Protein chains: 2
Amino acid sequence: MTTTADPVRNGVDTAALFATIDAVKADHDIAKFQFRATNTWVTGTHNRSTIHGFHGATQELTHQQPFVMDADHPPVLVGSDEGPTPVEYVLHALAACLTAGLANVAAARGVHLDEVSSTVEGDIDLLGILGLSGDVRNGFQQIRVSFRLRGDDPEKLREVVERSTKRSAVYDIITNGVPVAIEVDAG
Amino acid sequence: MTTTADPVRNGVDTAALFATIDAVKADHDIAKFQFRATNTWVTGTHNRSTIHGFHGATQELTHQQPFVMDADHPPVLVGSDEGPTPVEYVLHALAACLTAGLANVAAARGVHLDEVSSTVEGDIDLLGILGLSGDVRNGFQQIRVSFRLRGDDPEKLREVVERSTKRSAVYDIITNGVPVAIEVDAG
């Protein structure tokens, strides 16, 4: 068991978490972030992104190292399987955001976590992206997330997931949508 | 310059691409796919997904290897920076989907690509996820994608991006949203 006096709970530095929230309360500009990815086509459906710099807390920042990730299609979708598909990255992003959030919420509430795992499934009908039906959307028709949590009282664990969902950036992006502007330099 | 007789163009096996489209036309069930990610909490905001199996073309399939990816928050967001943030994975997924799509579209149309790169930026105000404002959404407020393409005639390149956007799974997911169901086993 942990107590609310622990500065670090579930691996979350709650003192730093509360200090961050206080700093943002005092200056809302600290909360304005911009995240970025740069992507380069390799060949066919294979391409590679690098994630390094971002803006936040009123300054330019970088991750401790550049993160490089490949995406591709599997052979059944005429790719060479050099990485996950783009839509699988979306499923990962959703699980990761809900899980990071619930670890923070649990720590802030003094709820102890022993184990958190999840499976995310997304159904997609390729008639859409292949242009074979005007009635079928291109993206996932439905996404299901199944969480398994162990630790404190089950009711508290369920409340932590509920709160994390209400405050999740990726859950909001996926369920509510975001405007996307596309610019092309084909010089 | 390439000609429309090339079986492989821009690294895309166009013969296989058209054969896939014909197979799907003949049997729509081939087009029903389900993608999956499993995620495990490590500590704090650090968690890890594995992407391996999926369903498609009426059978259970696996990638040639399991793909493992870490997500975390950077120190400024009280994490330990063991991987990109979940929202950065969303930006990568968008760039990757549009880029894979435009390589396919270009190949199908006989448009030659020399170079494709892109930068994706997403603006997010953390007042939302920190619960400090009811008026600020949790997710990105706006996403901008800037493409640079070199190869064939600029007008053809622009049309290829336009068509890829119209048929992109991740662009559809992000701009139009997807219903997400969450189930919790806190046994």
# chains A, B, ... in the order shown; residues from 1 in each chain; ligands from 1
$ select_by_dssp --residues "stretch 13-135 of chain B" --states "helix (DSSP H, G or I)" --output "NGL selection string"
:B and (14-26 or 28-31 or 75-77 or 86-109)
$ write_last_selection --atoms "N, CA and C atoms" --output "compact mmCIF listing (two decimals), in the first residue's frame"
# COMPACT_ATOMS: atom_id res chain seq x y z
N THR B 14 2.56 -2.64 -59.00
CA THR B 14 1.23 -2.24 -59.48
C THR B 14 0.42 -3.45 -59.95
N ALA B 15 1.11 -4.48 -60.46
CA ALA B 15 0.38 -5.69 -60.88
C ALA B 15 -0.32 -6.30 -59.66
N ALA B 16 0.41 -6.39 -58.53
CA ALA B 16 -0.17 -6.94 -57.30
C ALA B 16 -1.28 -6.02 -56.78
N LEU B 17 -1.06 -4.71 -56.92
CA LEU B 17 -2.06 -3.74 -56.45
C LEU B 17 -3.37 -3.92 -57.21
N PHE B 18 -3.29 -3.99 -58.54
CA PHE B 18 -4.51 -4.14 -59.34
C PHE B 18 -5.14 -5.52 -59.12
N ALA B 19 -4.30 -6.56 -58.93
CA ALA B 19 -4.83 -7.90 -58.67
C ALA B 19 -5.61 -7.91 -57.35
N THR B 20 -5.08 -7.18 -56.34
CA THR B 20 -5.76 -7.10 -55.04
C THR B 20 -7.11 -6.43 -55.21
N ILE B 21 -7.14 -5.33 -55.96
CA ILE B 21 -8.40 -4.62 -56.17
C ILE B 21 -9.41 -5.52 -56.89
N ASP B 22 -8.93 -6.28 -57.88
CA ASP B 22 -9.83 -7.20 -58.60
C ASP B 22 -10.36 -8.29 -57.68
N ALA B 23 -9.47 -8.82 -56.80
CA ALA B 23 -9.90 -9.87 -55.88
C ALA B 23 -10.97 -9.35 -54.93
N VAL B 24 -10.80 -8.13 -54.46
CA VAL B 24 -11.76 -7.54 -53.53
C VAL B 24 -13.09 -7.27 -54.24
N LYS B 25 -13.00 -6.85 -55.50
CA LYS B 25 -14.23 -6.62 -56.28
C LYS B 25 -15.05 -7.91 -56.37
N ALA B 26 -14.33 -9.04 -56.51
CA ALA B 26 -15.00 -10.34 -56.69
C ALA B 26 -15.56 -10.87 -55.36
N HIS B 28 -16.23 -9.19 -51.54
CA HIS B 28 -16.11 -8.05 -50.62
C HIS B 28 -15.62 -8.45 -49.23
N ASP B 29 -15.79 -9.72 -48.85
CA ASP B 29 -15.35 -10.15 -47.52
C ASP B 29 -13.83 -10.04 -47.36
N ILE B 30 -13.11 -10.11 -48.48
CA ILE B 30 -11.65 -9.98 -48.43
C ILE B 30 -11.24 -8.62 -47.85
N ALA B 31 -12.12 -7.63 -48.01
CA ALA B 31 -11.79 -6.26 -47.60
C ALA B 31 -12.02 -5.97 -46.11
N PRO B 75 10.28 14.99 -19.85
CA PRO B 75 10.42 15.50 -18.48
C PRO B 75 9.54 16.73 -18.20
N VAL B 76 9.39 17.63 -19.19
CA VAL B 76 8.58 18.83 -18.97
C VAL B 76 7.12 18.46 -18.69
N LEU B 77 6.73 17.25 -19.08
CA LEU B 77 5.38 16.76 -18.76
C LEU B 77 5.45 15.60 -17.77
N PRO B 86 2.04 9.98 -26.92
CA PRO B 86 0.94 9.41 -27.72
C PRO B 86 0.47 10.34 -28.84
N VAL B 87 0.40 11.64 -28.59
CA VAL B 87 -0.10 12.55 -29.65
C VAL B 87 0.89 12.66 -30.81
N GLU B 88 2.19 12.48 -30.54
CA GLU B 88 3.16 12.49 -31.64
C GLU B 88 2.98 11.26 -32.54
N TYR B 89 2.60 10.13 -31.93
CA TYR B 89 2.31 8.94 -32.74
C TYR B 89 1.14 9.21 -33.70
N VAL B 90 0.19 10.01 -33.26
CA VAL B 90 -0.95 10.35 -34.14
C VAL B 90 -0.46 11.15 -35.34
N LEU B 91 0.46 12.09 -35.12
CA LEU B 91 1.00 12.90 -36.22
C LEU B 91 1.77 12.00 -37.20
N HIS B 92 2.57 11.10 -36.65
CA HIS B 92 3.30 10.15 -37.49
C HIS B 92 2.33 9.30 -38.31
N ALA B 93 1.28 8.81 -37.68
CA ALA B 93 0.30 7.95 -38.37
C ALA B 93 -0.32 8.69 -39.56
N LEU B 94 -0.60 9.96 -39.36
CA LEU B 94 -1.21 10.76 -40.44
C LEU B 94 -0.24 10.92 -41.61
N ALA B 95 0.99 11.32 -41.32
CA ALA B 95 2.00 11.49 -42.38
C ALA B 95 2.22 10.16 -43.10
N ALA B 96 2.29 9.07 -42.33
CA ALA B 96 2.59 7.76 -42.91
C ALA B 96 1.46 7.29 -43.83
N CYS B 97 0.22 7.52 -43.42
CA CYS B 97 -0.92 7.06 -44.21
C CYS B 97 -1.03 7.85 -45.51
N LEU B 98 -0.88 9.17 -45.41
CA LEU B 98 -0.96 9.99 -46.63
C LEU B 98 0.17 9.64 -47.58
N THR B 99 1.36 9.37 -47.04
CA THR B 99 2.53 9.09 -47.88
C THR B 99 2.43 7.72 -48.54
N ALA B 100 2.01 6.70 -47.78
CA ALA B 100 1.82 5.37 -48.38
C ALA B 100 0.75 5.45 -49.47
N GLY B 101 -0.31 6.18 -49.16
CA GLY B 101 -1.41 6.31 -50.12
C GLY B 101 -0.97 7.00 -51.39
N LEU B 102 -0.20 8.07 -51.25
CA LEU B 102 0.17 8.80 -52.47
C LEU B 102 1.18 8.02 -53.32
N ALA B 103 1.98 7.18 -52.67
CA ALA B 103 2.88 6.32 -53.45
C ALA B 103 2.06 5.33 -54.27
N ASN B 104 1.00 4.77 -53.66
CA ASN B 104 0.11 3.85 -54.39
C ASN B 104 -0.62 4.56 -55.52
N VAL B 105 -1.18 5.72 -55.22
CA VAL B 105 -1.96 6.46 -56.23
C VAL B 105 -1.05 6.84 -57.39
N ALA B 106 0.15 7.34 -57.06
CA ALA B 106 1.09 7.74 -58.12
C ALA B 106 1.44 6.54 -59.00
N ALA B 107 1.69 5.39 -58.35
CA ALA B 107 2.05 4.19 -59.13
C ALA B 107 0.89 3.79 -60.05
N ALA B 108 -0.32 3.81 -59.49
CA ALA B 108 -1.48 3.41 -60.29
C ALA B 108 -1.69 4.35 -61.47
N ARG B 109 -1.33 5.62 -61.30
CA ARG B 109 -1.54 6.61 -62.36
C ARG B 109 -0.35 6.80 -63.29
$ select_by_dssp --residues "stretch 9-182 of chain B" --states "strand (DSSP E or B)" --output "ChimeraX atom specification"
/B:9,12-13,32-43,46-56,59-71,113-125,142-151,180-182
$ residues_around --residues "stretch 41-51 of chain A" --least-positions-apart "4" --cutoff "6 Å" --atoms "only C-alpha atoms" --output "MDAnalysis selection string"
(chainID A and resid 37 66:72 79) or (chainID B and resid 10:12 100 103 116)
$ atom_distance --atom1 "atom CA of B:Glu115" --atom2 "atom CA of B:Leu149"
5.5 Å
$ residues_around --residues "B:Gly128" --least-positions-apart "4" --cutoff "7 Å" --atoms "only C-alpha atoms" --output "PyMOL selection string"
chain B and resi 132-134+136-138
$ residues_around --residues "A:Asp185" --least-positions-apart "2" --cutoff "7 Å" --atoms "only C-alpha atoms" --output "list in words"
Glu183 and Gly187 of chain A; Phe147, Arg148 and Leu149 of chain B
$ closest_residue --among "A:His73, A:Arg163, A:Arg9, A:Arg36" --to "chain B" --atoms "only C-alpha atoms"
A:Arg36
$ atom_distance --atom1 "atom CA of B:Val170" --atom2 "atom CA of B:Asp153"
26.7 Å
$ atom_distance --atom1 "atom CA of B:Asp81" --atom2 "atom CA of A:Gln34"
16.4 Å
$ residues_around --residues "B:Phe33" --least-positions-apart "3" --cutoff "9 Å" --atoms "only C-alpha atoms" --output "PDB file with C-alpha atoms, in the first residue's frame"
ATOM      1  CA  GLY A 122     -10.181  -1.400 -34.880  1.00  0.00           C
ATOM      2  CA  ASP A 123     -12.493  -2.625 -37.633  1.00  0.00           C
ATOM      3  CA  ILE A 124     -11.898  -1.319 -41.120  1.00  0.00           C
ATOM      4  CA  ASP A 125     -13.514  -2.217 -44.430  1.00  0.00           C
ATOM      5  CA  LEU A 126     -11.036  -1.599 -47.240  1.00  0.00           C
TER       6      LEU A 126
ATOM      7  CA  ASP B  29     -15.348 -10.147 -47.519  1.00  0.00           C
ATOM      8  CA  ILE B  30     -11.647  -9.980 -48.430  1.00  0.00           C
ATOM      9  CA  PHE B  54      -4.438  -8.874 -37.479  1.00  0.00           C
ATOM     10  CA  HIS B  55      -7.402 -10.201 -39.385  1.00  0.00           C
ATOM     11  CA  GLY B  56      -7.845  -9.650 -43.103  1.00  0.00           C
ATOM     12  CA  ALA B  57      -8.583 -11.345 -46.415  1.00  0.00           C
ATOM     13  CA  THR B  58     -10.839 -13.784 -44.471  1.00  0.00           C
TER      14      THR B  58
END
$ residues_around --residues "A:Gln64" --least-positions-apart "4" --cutoff "10 Å" --atoms "only C-alpha atoms" --output "ChimeraX atom specification"
/A:52-53 /B:74-75,80-83
$ write_last_selection --atoms "all heavy atoms" --output "PDB file, in the first residue's frame"
ATOM      1  N   HIS A  52      11.452  14.648 -32.777  1.00  0.00           N
ATOM      2  CA  HIS A  52      12.523  15.144 -31.934  1.00  0.00           C
ATOM      3  C   HIS A  52      12.134  16.468 -31.243  1.00  0.00           C
ATOM      4  O   HIS A  52      11.973  16.506 -30.040  1.00  0.00           O
ATOM      5  CB  HIS A  52      13.816  15.308 -32.758  1.00  0.00           C
ATOM      6  CG  HIS A  52      15.043  15.474 -31.921  1.00  0.00           C
ATOM      7  ND1 HIS A  52      16.200  16.068 -32.373  1.00  0.00           N
ATOM      8  CD2 HIS A  52      15.287  15.127 -30.636  1.00  0.00           C
ATOM      9  CE1 HIS A  52      17.090  16.069 -31.403  1.00  0.00           C
ATOM     10  NE2 HIS A  52      16.570  15.500 -30.342  1.00  0.00           N
ATOM     11  N   GLY A  53      11.988  17.543 -32.015  1.00  0.00           N
ATOM     12  CA  GLY A  53      11.709  18.839 -31.404  1.00  0.00           C
ATOM     13  C   GLY A  53      10.239  19.074 -31.145  1.00  0.00           C
ATOM     14  O   GLY A  53       9.384  18.523 -31.826  1.00  0.00           O
TER      15      GLY A  53
ATOM     16  N   PRO B  74       7.687  13.553 -22.036  1.00  0.00           N
ATOM     17  CA  PRO B  74       9.016  14.120 -21.771  1.00  0.00           C
ATOM     18  C   PRO B  74       9.075  14.682 -20.346  1.00  0.00           C
ATOM     19  O   PRO B  74       8.034  14.843 -19.696  1.00  0.00           O
ATOM     20  CB  PRO B  74       9.126  15.237 -22.806  1.00  0.00           C
ATOM     21  CG  PRO B  74       7.714  15.644 -23.089  1.00  0.00           C
ATOM     22  CD  PRO B  74       6.867  14.405 -22.913  1.00  0.00           C
ATOM     23  N   PRO B  75      10.276  14.990 -19.851  1.00  0.00           N
ATOM     24  CA  PRO B  75      10.419  15.503 -18.481  1.00  0.00           C
ATOM     25  C   PRO B  75       9.541  16.729 -18.202  1.00  0.00           C
ATOM     26  O   PRO B  75       8.975  16.849 -17.114  1.00  0.00           O
ATOM     27  CB  PRO B  75      11.913  15.857 -18.391  1.00  0.00           C
ATOM     28  CG  PRO B  75      12.567  14.922 -19.363  1.00  0.00           C
ATOM     29  CD  PRO B  75      11.585  14.750 -20.493  1.00  0.00           C
ATOM     30  N   SER B  80       9.575  10.301 -18.312  1.00  0.00           N
ATOM     31  CA  SER B  80      11.012  10.034 -18.380  1.00  0.00           C
ATOM     32  C   SER B  80      11.514   9.891 -19.824  1.00  0.00           C
ATOM     33  O   SER B  80      12.627   9.454 -20.058  1.00  0.00           O
ATOM     34  CB  SER B  80      11.388   8.836 -17.523  1.00  0.00           C
ATOM     35  OG  SER B  80      10.492   7.781 -17.759  1.00  0.00           O
ATOM     36  N   ASP B  81      10.660  10.260 -20.789  1.00  0.00           N
ATOM     37  CA  ASP B  81      11.095  10.397 -22.190  1.00  0.00           C
ATOM     38  C   ASP B  81      11.618   9.087 -22.783  1.00  0.00           C
ATOM     39  O   ASP B  81      12.568   9.097 -23.564  1.00  0.00           O
ATOM     40  CB  ASP B  81      12.169  11.496 -22.286  1.00  0.00           C
ATOM     41  CG  ASP B  81      12.038  12.325 -23.574  1.00  0.00           C
ATOM     42  OD1 ASP B  81      11.038  12.178 -24.297  1.00  0.00           O
ATOM     43  OD2 ASP B  81      12.949  13.132 -23.839  1.00  0.00           O
ATOM     44  N   GLU B  82      10.963   7.995 -22.438  1.00  0.00           N
ATOM     45  CA  GLU B  82      11.380   6.687 -22.965  1.00  0.00           C
ATOM     46  C   GLU B  82      10.811   6.419 -24.357  1.00  0.00           C
ATOM     47  O   GLU B  82      11.052   5.360 -24.947  1.00  0.00           O
ATOM     48  CB  GLU B  82      10.941   5.553 -22.013  1.00  0.00           C
ATOM     49  CG  GLU B  82      11.534   5.631 -20.613  1.00  0.00           C
ATOM     50  CD  GLU B  82      13.026   5.308 -20.595  1.00  0.00           C
ATOM     51  OE1 GLU B  82      13.487   4.586 -21.496  1.00  0.00           O
ATOM     52  OE2 GLU B  82      13.726   5.798 -19.687  1.00  0.00           O
ATOM     53  N   GLY B  83      10.050   7.369 -24.890  1.00  0.00           N
ATOM     54  CA  GLY B  83       9.469   7.210 -26.225  1.00  0.00           C
ATOM     55  C   GLY B  83       8.716   8.468 -26.578  1.00  0.00           C
ATOM     56  O   GLY B  83       8.574   9.375 -25.757  1.00  0.00           O
TER      57      GLY B  83
END
$ closest_residue --among "B:Val160, B:Gln65, B:Ser118, B:Gly151" --to "chain A" --atoms "only C-alpha atoms"
B:Ser118
